[in-house]
Structures are given as C-alpha cells and as structure tokens.
>>> print(open('final-v6.txt').read())   # compact mmCIF, C-alpha atoms
# COMPACT_ATOMS: atom_id res chain seq x y z
CA MET S 21 -24.23 12.15 -45.36
CA THR S 22 -24.05 10.58 -41.93
CA THR S 23 -26.29 11.92 -39.22
CA LEU S 24 -25.51 11.69 -35.55
CA ARG S 25 -28.09 10.08 -33.38
CA PRO S 26 -29.00 12.00 -30.22
CA LEU S 27 -28.28 9.16 -27.76
CA PRO S 28 -24.63 8.50 -28.68
CA LEU S 29 -23.94 12.22 -28.84
CA LEU S 30 -25.51 12.64 -25.41
CA ALA S 31 -23.39 9.78 -24.03
CA VAL S 32 -20.19 11.35 -25.39
CA THR S 33 -21.17 14.73 -23.94
CA VAL S 34 -21.84 13.19 -20.50
CA LEU S 35 -18.54 11.28 -20.54
CA LEU S 36 -16.54 14.34 -21.55
CA SER S 37 -18.19 16.51 -18.94
CA ALA S 38 -17.51 13.88 -16.27
CA CYS S 39 -13.83 13.85 -17.22
CA PHE S 40 -13.52 17.59 -16.77
CA ALA S 41 -16.01 18.13 -13.94
CA GLY S 42 -14.27 19.20 -10.76
CA PRO S 43 -10.64 18.94 -9.84
CA GLU S 44 -8.95 15.71 -8.87
CA GLN S 45 -8.44 15.15 -5.18
CA ARG S 46 -5.30 13.57 -3.73
CA PHE S 47 -5.29 11.77 -0.40
CA ALA S 48 -2.24 11.46 1.82
CA VAL S 49 -1.97 8.57 4.24
CA PRO S 50 -1.84 9.76 7.85
CA THR S 51 0.71 8.14 10.15
CA ALA S 52 -0.81 5.73 12.66
CA PRO S 53 0.60 5.35 16.18
CA ALA S 54 3.44 2.80 16.09
CA GLY S 55 2.50 1.09 19.36
CA ASP S 56 4.75 -0.89 21.68
CA HIS S 57 8.45 -1.47 20.99
CA VAL S 58 9.45 -4.86 19.56
CA ALA S 59 13.02 -6.05 20.22
CA VAL S 60 14.60 -7.57 17.10
CA ALA S 61 17.82 -9.44 16.32
CA PHE S 62 19.04 -7.05 13.63
CA GLY S 63 20.53 -3.57 13.93
CA SER S 64 19.92 -2.56 10.33
CA VAL S 65 17.28 -3.55 7.78
CA VAL S 66 16.65 -2.57 4.16
CA VAL S 67 13.12 -2.65 2.77
CA ARG S 68 13.00 -3.41 -0.93
CA ASP S 69 10.35 -1.78 -3.13
CA LEU S 70 7.01 -3.41 -2.43
CA SER S 71 5.48 -5.41 -5.26
CA LEU S 72 1.82 -4.43 -5.72
CA PRO S 73 -0.88 -5.72 -8.06
CA ASP S 74 -1.52 -3.47 -11.07
CA TYR S 75 -4.68 -1.88 -9.67
CA ALA S 76 -3.05 -1.22 -6.27
CA SER S 77 0.01 0.42 -7.82
CA SER S 78 -2.23 2.84 -9.69
CA GLN S 79 -2.64 6.43 -8.51
CA GLU S 80 -6.41 5.83 -8.41
CA ILE S 81 -8.01 4.51 -5.22
CA PHE S 82 -9.81 1.25 -5.99
CA THR S 83 -12.69 -0.37 -4.13
CA ARG S 84 -14.31 -3.81 -4.54
CA ASP S 85 -18.10 -3.90 -4.82
CA ALA S 86 -20.34 -6.68 -3.45
CA GLY S 87 -20.12 -8.48 -6.81
CA GLY S 88 -16.30 -8.53 -6.68
CA ALA S 89 -15.68 -5.88 -9.36
CA LEU S 90 -12.82 -3.45 -8.76
CA THR S 91 -13.74 0.14 -9.56
CA SER S 92 -12.09 3.51 -9.15
CA ASN S 93 -12.85 7.16 -9.61
CA PRO S 94 -10.20 8.93 -11.72
CA LYS S 95 -10.70 12.06 -9.60
CA LEU S 96 -9.79 10.31 -6.29
CA LEU S 97 -6.05 9.69 -6.20
CA TRP S 98 -3.32 8.75 -3.75
CA ALA S 99 -1.10 11.71 -2.89
CA ASP S 100 2.05 9.73 -3.77
CA GLU S 101 2.83 6.81 -6.05
CA PRO S 102 1.70 3.74 -4.03
CA VAL S 103 4.83 1.56 -4.40
CA ARG S 104 7.12 4.37 -3.27
CA ALA S 105 4.79 5.59 -0.54
CA MET S 106 4.05 2.16 0.95
CA THR S 107 7.73 1.18 0.89
CA LEU S 108 8.58 4.36 2.81
CA GLU S 109 5.65 3.85 5.20
CA LEU S 110 6.74 0.28 5.96
CA SER S 111 10.34 1.44 6.53
CA SER S 112 9.21 4.19 8.87
CA TYR S 113 6.95 1.91 10.92
CA LEU S 114 9.65 -0.78 11.19
CA SER S 115 12.13 1.84 12.40
CA ARG S 116 9.71 3.27 14.96
CA ILE S 117 8.54 -0.17 16.18
CA THR S 118 11.97 -1.82 16.43
CA GLY S 119 14.43 1.03 16.99
CA ALA S 120 16.65 -0.52 14.30
CA ARG S 121 18.24 1.47 11.49
CA VAL S 122 15.72 0.85 8.69
CA ALA S 123 15.73 2.39 5.23
CA ALA S 124 14.04 1.80 1.90
CA GLU S 125 16.20 0.81 -1.03
CA PRO S 126 18.56 1.98 -2.33
CA TRP S 127 20.45 1.47 0.94
CA PRO S 128 21.87 4.89 1.90
CA PHE S 129 24.58 3.82 4.36
CA THR S 130 28.20 2.79 3.72
CA THR S 131 27.95 -0.50 5.62
CA GLY S 132 25.41 -3.01 4.37
CA PRO S 133 22.22 -3.97 6.21
CA ASP S 134 21.95 -7.03 8.46
CA ALA S 135 18.65 -8.08 6.86
CA ALA S 136 16.58 -7.37 3.76
CA ILE S 137 12.79 -7.43 3.54
CA GLU S 138 10.82 -8.03 0.38
CA VAL S 139 7.01 -7.80 0.35
CA ARG S 140 4.84 -9.12 -2.47
CA VAL S 141 1.26 -7.95 -2.12
CA ALA S 142 -1.38 -10.14 -3.76
CA ASP S 143 -4.44 -8.08 -2.78
CA MET S 144 -4.96 -4.59 -1.37
CA VAL S 145 -8.45 -3.20 -1.67
CA ALA S 146 -11.29 -1.63 0.26
CA ASP S 147 -14.29 -3.93 0.14
CA ALA S 148 -18.02 -3.33 0.18
CA GLY S 149 -18.18 -4.57 3.78
CA GLY S 150 -16.22 -1.57 5.05
CA ALA S 151 -12.80 -3.15 5.52
CA LEU S 152 -9.38 -2.76 3.91
CA ARG S 153 -7.64 -6.05 3.16
CA LEU S 154 -3.93 -6.55 2.56
CA SER S 155 -2.62 -10.02 1.75
CA GLY S 156 0.47 -11.53 0.21
CA GLN S 157 3.85 -12.82 1.27
CA TYR S 158 6.97 -11.32 2.82
CA PHE S 159 10.55 -12.56 2.81
CA VAL S 160 13.41 -11.72 5.15
CA ALA S 161 16.94 -12.55 4.03
CA THR S 162 19.86 -12.11 6.43
CA GLU S 163 23.62 -12.00 6.15
CA GLY S 164 23.81 -15.01 8.50
CA GLY S 165 21.54 -17.11 6.28
CA ARG S 166 18.53 -16.94 8.60
CA ASN S 167 15.98 -16.59 5.80
CA ARG S 168 12.25 -16.57 6.31
CA GLY S 169 9.18 -16.29 4.14
CA ARG S 170 5.62 -16.09 5.40
CA LEU S 171 2.13 -15.41 4.11
CA PHE S 172 0.10 -12.57 5.60
CA ASP S 173 -3.58 -11.68 5.44
CA LEU S 174 -4.50 -8.51 7.33
CA THR S 175 -7.79 -6.65 7.59
CA VAL S 176 -8.65 -3.33 9.24
CA PRO S 177 -12.04 -1.62 9.40
CA ILE S 178 -12.50 1.55 7.37
CA GLY S 179 -13.80 4.17 9.76
CA GLY S 180 -16.19 7.01 9.13
CA ALA S 181 -18.38 6.97 6.05
CA GLY S 182 -15.89 4.99 3.93
CA THR S 183 -14.64 8.04 2.04
CA ALA S 184 -11.29 8.14 0.23
CA ALA S 185 -9.82 9.90 3.30
CA ASP S 186 -11.12 7.05 5.49
CA ILE S 187 -9.54 4.48 3.14
CA ALA S 188 -6.24 6.40 3.35
CA ALA S 189 -6.36 6.30 7.16
CA ALA S 190 -7.06 2.55 7.04
CA ARG S 191 -4.04 2.09 4.75
CA GLY S 192 -1.85 3.75 7.38
CA LEU S 193 -3.14 1.30 9.99
CA ILE S 194 -2.74 -1.79 7.81
CA VAL S 195 0.85 -0.96 6.76
CA ARG S 196 1.64 -0.39 10.46
CA ASP S 197 0.10 -3.80 11.22
CA LEU S 198 2.21 -5.38 8.47
CA ALA S 199 5.37 -3.83 9.99
CA ARG S 200 4.42 -5.16 13.42
CA THR S 201 3.75 -8.62 11.93
CA ILE S 202 7.14 -8.71 10.19
CA ALA S 203 8.94 -7.45 13.31
CA THR S 204 7.38 -10.02 15.63
CA GLU S 205 7.35 -13.02 13.27
CA ALA S 206 10.56 -12.66 11.28
CA LEU S 207 13.01 -10.16 12.78
CA ARG S 208 13.35 -11.58 16.31
>>> encode(input="final-v6.txt", output="structure tokens")
Amino acid sequence: MTTLRPLPLLAVTVLLSACFAGPEQRFAVPTAPAGDHVAVAFGSVVVRDLSLPDYASSQEIFTRDAGGALTSNPKLLWADEPVRAMTLELSSYLSRITGARVAAEPWPFTTGPDAAIEVRVADMVADAGGALRLSGQYFVATEGGRNRGRLFDLTVPIGGAGTAADIAAARGLIVRDLARTIATEALR
C-alpha cells in the first residue's frame, strides 16, 4: 500500500486552492488622447491583424522580472483577445490621428484601401523597471508601389503602482505612440 507524504499533498492542496481562490479579473485598455492631427498621403488604410509573440497574444498579462523571466498571473487577464484588441486600437488611433478612413481587416468597404499596414511585434512586456516596451517591425504597402518597412522600439512608463490596470493604461499609450510613428514615418 502506498502512503502519501504530507509535503506533496500539502503542495497539491495549495496549488488547487490557488487555482480556485478569487475570481479572475479582466482589464480593458482605456483610450489615450490621440494628440495632434497628422496629414497623410492616403485616404483609406487597412490594418492587418497584428502578429504578437505567443506570450503577448495570451489572455494573461505578462511581466518581465529583473532576471528576465516572463511571468503571469492566471487571474489577471486582458478584457479582449490581444491580437483583435490591439488591431482595433491601432486602427482607431490611426483614424483619429490622420482623419483617413481606417479599418481593421477584413476591409469592410466596397472600394479597396489605398494602403495596407502590417505590424509584427517582437516584444511587448511590462518590465521590472516600471516601463512597457513594444518593439518589432511594421510594413506599409500601397497601391502605387510606395512600400515601406521600418523597425520600431517604443517605451512608455507604467504609472501608479504598476498594477494590471496601470499596465493596461500604458498599453493604450504605447499603441497610440505606434500609430503616431506609423503615420509620421510611413503614411506621409
């Protein structure tokens, strides 16, 4: 007959209770002020679904500790699926910043867009230093063949005490900053 040792049983009990302790919390990303208008050369723009790293496309909110490890709390979640939400956020900011007709794919209008934007995110994480970093590359393809691709590396401070709500607010700011970067560097 096998006997259970107290320590492993205690560990299992603690893990199970942690899984069921308290409800999950979901955090929506507040909209940041769009800022000044940027004149662009295109009247209509489609934003393709953002490509995010595996951890960043997860519903869980990840942070990077001082040692570089990415960790999350399964009870702290984004309010919406990150790829969908960030694609819509980027579209909204581009529309508000430029005044152009901007929509996320699939393109909802009968006439095609003048330009298409694709964003490939390499890193998006809140770090131990109190900042949210977003880096990667974006591409703009146009009907006229004026194609551009550029690297980006943006950082915004995480305000407050660095809570999940503070990280969500920082994400709103950094996606707005990405929209402004694309508008000024690639859509003019």
>>> closest_residue(input="final-v6.txt", among="S:Leu114, S:Val66, S:Ala52, S:Ala136", to="Glu163 (chain S)", atoms="only C-alpha atoms")
S:Ala136
>>> residues_around(input="final-v6.txt", residues="Ala86 (chain S)", least_positions_apart="4", cutoff="12 Å", atoms="all atoms listed in the file", output="PyMOL selection string")
chain S and resi 90-91+146-150
>>> atom_distance(input="final-v6.txt", atom1="CA of Arg121 (chain S)", atom2="CA of Arg168 (chain S)")
19.7 Å
>>> residues_near_point(input="final-v6.txt", point="(-7.0, 9.6, 7.3)", cutoff="12 Å", atoms="only C-alpha atoms", output="ChimeraX atom specification")
/S:46-52,98-99,178-193
>>> closest_residue(input="final-v6.txt", among="S:Ile202, S:Leu152, S:Pro177, S:Pro133", to="Gly164 (chain S)", atoms="all atoms listed in the file")
S:Pro133
>>> atom_distance(input="final-v6.txt", atom1="CA of Thr130 (chain S)", atom2="CA of Ser64 (chain S)")
11.9 Å
>>> atom_distance(input="final-v6.txt", atom1="CA of Arg166 (chain S)", atom2="CA of Asp134 (chain S)")
10.5 Å
>>> residues_around(input="final-v6.txt", residues="Ala206 (chain S)", least_positions_apart="3", cutoff="10 Å", atoms="only C-alpha atoms", output="list of chain:residue names")
S:Val60, S:Ala61, S:Ile137, S:Tyr158, S:Phe159, S:Val160, S:Ala161, S:Arg166, S:Asn167, S:Arg168, S:Gly169, S:Arg170, S:Arg200, S:Thr201, S:Ile202, S:Ala203
>>> closest_residue(input="final-v6.txt", among="S:Ala59, S:Leu207, S:Ala135, S:Val176", to="Leu154 (chain S)", atoms="all atoms listed in the file")
S:Val176
>>> axis_aligned_box(input="final-v6.txt", around="region 110-116 of chain S", padding_each_side="3 Å", output="lines of an AutoDock Vina configuration file")
center_x = 9.4
center_y = 1.7
center_z = 10.5
size_x = 11.4
size_y = 11.0
size_z = 15.0
>>> closest_residue(input="final-v6.txt", among="S:Leu171, S:Ala199, S:Leu72, S:Ile81", to="Ser115 (chain S)", atoms="all atoms listed in the file")
S:Ala199
>>> closest_residue(input="final-v6.txt", among="S:Trp127, S:Ser71, S:Thr162, S:Glu44", to="Asn93 (chain S)", atoms="only C-alpha atoms")
S:Glu44
>>> closest_residue(input="final-v6.txt", among="S:Gly88, S:Pro126, S:Gly156, S:Pro102", to="Asp74 (chain S)", atoms="all atoms listed in the file")
S:Pro102
>>> decode(input="final-v6.txt", residues="region 126-172 of chain S", atoms="C-alpha atoms", output="short mmCIF file (atom, residue, chain, number, x, y, z; two decimals), in the first residue's frame")
data_model
loop_
_atom_site.label_atom_id
_atom_site.label_comp_id
_atom_site.auth_asym_id
_atom_site.auth_seq_id
_atom_site.Cartn_x
_atom_site.Cartn_y
_atom_site.Cartn_z
CA PRO S 126 -11.36 42.28 -43.24
CA TRP S 127 -11.81 45.51 -45.21
CA PRO S 128 -15.50 46.48 -44.84
CA PHE S 129 -15.85 48.89 -47.78
CA THR S 130 -16.66 48.18 -51.44
CA THR S 131 -13.64 50.06 -52.82
CA GLY S 132 -10.22 48.82 -51.75
CA PRO S 133 -7.86 50.71 -49.44
CA ASP S 134 -5.04 52.93 -50.69
CA ALA S 135 -2.56 51.38 -48.27
CA ALA S 136 -2.20 48.32 -46.05
CA ILE S 137 -0.34 48.15 -42.74
CA GLU S 138 1.12 45.01 -41.23
CA VAL S 139 2.73 45.05 -37.78
CA ARG S 140 4.92 42.25 -36.44
CA VAL S 141 5.60 42.67 -32.74
CA ALA S 142 8.78 41.05 -31.43
CA ASP S 143 8.42 42.09 -27.78
CA MET S 144 5.59 43.54 -25.68
CA VAL S 145 6.04 43.30 -21.95
CA ALA S 146 6.00 45.30 -18.74
CA ASP S 147 9.45 45.20 -17.20
CA ALA S 148 10.70 45.29 -13.63
CA GLY S 149 11.86 48.89 -14.14
CA GLY S 150 8.29 50.16 -14.46
CA ALA S 151 8.06 50.56 -18.24
CA LEU S 152 6.09 48.90 -21.02
CA ARG S 153 8.16 48.10 -24.10
CA LEU S 154 6.83 47.43 -27.60
CA SER S 155 9.26 46.57 -30.39
CA GLY S 156 9.12 44.98 -33.79
CA GLN S 157 8.65 45.97 -37.40
CA TYR S 158 5.85 47.49 -39.46
CA PHE S 159 5.24 47.41 -43.19
CA VAL S 160 3.14 49.71 -45.35
CA ALA S 161 2.19 48.54 -48.83
CA THR S 162 0.41 50.89 -51.23
CA GLU S 163 -1.46 50.56 -54.48
CA GLY S 164 1.10 52.87 -56.12
CA GLY S 165 4.02 50.68 -55.09
CA ARG S 166 5.30 53.03 -52.40
CA ASN S 167 6.20 50.28 -49.94
CA ARG S 168 7.96 50.85 -46.66
CA GLY S 169 9.17 48.72 -43.78
CA ARG S 170 10.69 50.04 -40.58
CA LEU S 171 11.75 48.82 -37.17
CA PHE S 172 10.21 50.36 -34.06
#
